[in-house]
Structures are given as C-alpha cells and as structure tokens.
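Enquirer: Shown below is the structure under consideration.
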Amino acid sequence: MILFVPVLFSAGVLVAWWREPQGGILILASVLWFNVTDIVSERKFTGEIEFAFLIIPGLLFLLSWYLDGRRRETHGPGIPPGNGKPRS
C-alpha cells in the first residue's frame, strides 16, 4: 500500500501536464486516500505535516485551471491576454 500512493501521486502529476483538473484531483485523492487509510489502520491521526505539503501541487494545478478558465471567459479562446489580436 505504501508504494501505491507515490505511484498515484506521480500519475497525477503526469496527467496534470495535459489536463490540470484531472491531475490535480488525482493528486489530492492520492494524498487523501493515504491519510484516510492511515487513520483507519492506526485508529488515530498522527498529524504528519509532510503529507500536507504533497497537496500543494494538486492545489496549484487546480488554481491554474481555474484562472485559465477565467482568462478565457474574459479574453475569448483565441485571443491571448497580451496584445488583443486574434491568433493566426
């Protein structure tokens, strides 16, 4: 089980290069799944802070996806935010 989480986390990072929301969710799910199984097996929360840092890439991928969607709503899908001219 301990090897399953790094594999899911790495898969989430790889997926996020092409699909930010799916990869970010996979990263968050892998960290959450590990913590839930750890709490259930140990019958207590150990509070390992290093696993909290693992959610940062997932949150950043989701934030990037959200902000990109807002930019597209404002500028349209074919207009880059810089010069206002359509892409050729």
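Following the order of the structure tokens, chains are lettered A, B, ..., residues in each are numbered from 1, and ligands are numbered from 1.
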Give me the residues near Leu8 in chain A as a compact mmCIF listing (two decimals) with N, CA and C atoms, in the first residue's frame, where near means some atom within 8 Å (using only C-alpha atoms) and where sequence neighbours in that chain fewer than 6 positions away do not count.

Expert:
```txt
# COMPACT_ATOMS: atom_id res chain seq x y z
N LEU A 26 -6.49 13.92 -8.99
CA LEU A 26 -5.80 12.65 -8.72
C LEU A 26 -4.73 12.81 -7.64
N ILE A 27 -4.01 13.92 -7.67
CA ILE A 27 -3.00 14.19 -6.64
C ILE A 27 -3.67 14.32 -5.27
N SER A 30 -4.99 10.96 -4.01
CA SER A 30 -3.98 10.02 -3.53
C SER A 30 -3.51 10.38 -2.12
```

Enquirer: DSSP on the backbone, helix (DSSP H, G or I) only: what residues of range 20-56 of chain A does that give? Format it as an MDAnalysis selection string.

Expert: chainID A and resid 20:42 50:53 55:56

Enquirer: At a cut-off of 12 Å, using only C-alpha atoms, what residues contact Leu32 in chain A? Leave out same-chain residues fewer than 4 positions from it and give the result as a PyMOL selection string.

Expert: chain A and resi 5+8-9+25-28+36-39+51-52+54-55+58

Enquirer: Considering only C-alpha atoms, state which residue in the set A:Gly24, A:Thr46, A:Val31, A:Trp18 is at the smallest distance from Phe4 in chain A.

Expert: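 Ranking A:Gly24, A:Thr46, A:Val31, A:Trp18 by distance to Phe4 in chain A, first place goes to A:Val31.
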